[in-house]
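Enquirer: Next up, coords35.cif (mmCIF, C-alpha atoms).
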```cif
data_data
#
loop_
_atom_site.label_atom_id
_atom_site.label_comp_id
_atom_site.auth_asym_id
_atom_site.auth_seq_id
_atom_site.Cartn_x
_atom_site.Cartn_y
_atom_site.Cartn_z
CA MET A 991 104.78 -23.55 262.83
CA THR A 992 106.59 -20.78 264.63
CA LYS A 993 110.19 -21.13 265.70
CA THR A 994 109.13 -21.24 269.35
CA ALA A 995 106.59 -23.98 268.62
CA ALA A 996 109.17 -25.98 266.67
CA ILE A 997 111.65 -25.75 269.53
CA HIS A 998 108.97 -26.86 271.99
CA VAL A 999 108.13 -29.92 269.86
CA LEU A 1000 111.79 -30.89 269.56
CA HIS A 1001 112.25 -30.70 273.31
CA SER A 1002 108.94 -32.24 274.35
CA PRO A 1003 109.11 -35.17 276.79
CA LEU A 1004 107.80 -37.51 274.10
CA GLU A 1005 110.44 -36.42 271.59
CA ARG A 1006 113.17 -36.94 274.20
CA VAL A 1007 111.85 -40.45 274.86
CA LEU A 1008 111.73 -41.30 271.15
CA ARG A 1009 115.34 -40.19 270.76
CA HIS A 1010 116.28 -42.15 273.88
CA ILE A 1011 114.67 -45.32 272.50
CA GLU A 1012 116.57 -44.98 269.21
CA ALA A 1013 119.87 -44.42 271.02
CA HIS A 1014 119.42 -47.31 273.47
CA LEU A 1015 117.89 -50.13 271.46
CA ASP A 1016 120.64 -52.47 272.65
CA SER A 1017 119.77 -51.79 276.32
CA PRO A 1018 116.83 -53.04 278.35
CA LEU A 1019 113.98 -50.54 278.09
CA SER A 1020 110.86 -50.49 280.25
CA VAL A 1021 107.75 -48.35 280.39
CA ALA A 1022 108.65 -47.27 283.94
CA MET A 1023 112.17 -46.15 282.94
CA LEU A 1024 110.95 -44.31 279.84
CA ALA A 1025 108.13 -42.67 281.80
CA GLU A 1026 110.64 -41.47 284.38
CA SER A 1027 112.79 -39.92 281.65
CA ALA A 1028 109.67 -38.10 280.41
CA GLY A 1029 108.82 -36.91 283.91
CA LEU A 1030 105.45 -38.67 283.88
CA SER A 1031 103.83 -41.55 285.72
CA PRO A 1032 103.92 -44.83 283.76
CA PHE A 1033 100.12 -44.69 283.38
CA HIS A 1034 100.01 -41.19 281.94
CA PHE A 1035 103.12 -41.76 279.84
CA SER A 1036 101.61 -44.89 278.29
CA ARG A 1037 98.38 -43.09 277.47
CA LEU A 1038 100.20 -40.08 275.98
CA PHE A 1039 102.59 -42.24 273.98
CA THR A 1040 99.83 -44.39 272.50
CA ALA A 1041 97.71 -41.33 271.66
CA GLN A 1042 100.59 -39.49 269.98
CA VAL A 1043 102.50 -42.34 268.32
CA GLY A 1044 99.61 -44.68 267.53
CA GLU A 1045 101.01 -47.79 269.19
CA SER A 1046 101.94 -48.84 272.70
CA VAL A 1047 105.36 -48.03 274.11
CA MET A 1048 106.63 -51.58 274.11
CA SER A 1049 105.16 -52.35 270.68
CA HIS A 1050 107.14 -49.38 269.39
CA VAL A 1051 110.32 -50.57 271.13
CA ARG A 1052 109.93 -54.13 269.77
CA ARG A 1053 109.26 -52.83 266.26
CA LYS A 1054 112.41 -50.70 266.34
#
```
For the structure just supplied, provide its representation as structure tokens.

Expert:
Amino acid sequence: MTKTAAIHVLHSPLERVLRHIEAHLDSPLSVAMLAESAGLSPFHFSRLFTAQVGESVMSHVRRK
């Protein structure tokens, strides 16, 4: 992976959301709020998240 590609992955909307979830586990989290932080509609965010992470957004949040 090139340095530019690595930087892009670290700053991707999904990576930002994953870091946000980890940092705010003691706060209420919703698909709509997480989608907004990713700059995506809840529908597209949910589909992207599930495709990339392998589980639904809220399943991931509950598991954490």

Enquirer: Could you please determine the separation between CA of Arg1052 (chain A) and CA of Arg1009 (chain A) in Å, to one decimal place?

Expert: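 According to the coordinates, CA of Arg1052 (chain A) and CA of Arg1009 (chain A) are separated by 15.0 Å.
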
Enquirer: Using the chain letters and numbering of this document, enumerate as a PyMOL selection string the residues selected by the PyMOL selection byres ((chain A and resi 1021) around 10).

Expert: chain A and resi 1019-1020+1022-1027+1031-1033+1035-1036+1046-1048+1051

Enquirer: Could those selected residues go to a file with C-alpha atoms, as a compact mmCIF listing (two decimals), in the coordinates of the input?

Expert:
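Now in out-v4.txt:
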```txt
# COMPACT_ATOMS: atom_id res chain seq x y z
CA LEU A 1019 113.98 -50.54 278.09
CA SER A 1020 110.86 -50.49 280.25
CA ALA A 1022 108.65 -47.27 283.94
CA MET A 1023 112.17 -46.15 282.94
CA LEU A 1024 110.95 -44.31 279.84
CA ALA A 1025 108.13 -42.67 281.80
CA GLU A 1026 110.64 -41.47 284.38
CA SER A 1027 112.79 -39.92 281.65
CA SER A 1031 103.83 -41.55 285.72
CA PRO A 1032 103.92 -44.83 283.76
CA PHE A 1033 100.12 -44.69 283.38
CA PHE A 1035 103.12 -41.76 279.84
CA SER A 1036 101.61 -44.89 278.29
CA SER A 1046 101.94 -48.84 272.70
CA VAL A 1047 105.36 -48.03 274.11
CA MET A 1048 106.63 -51.58 274.11
CA VAL A 1051 110.32 -50.57 271.13
```

Enquirer: If you measure from CA of Pro1003 (chain A) to CA of Leu1030 (chain A), what distance in Å do you get, rounded to one decimal?

Expert: 8.7 Å
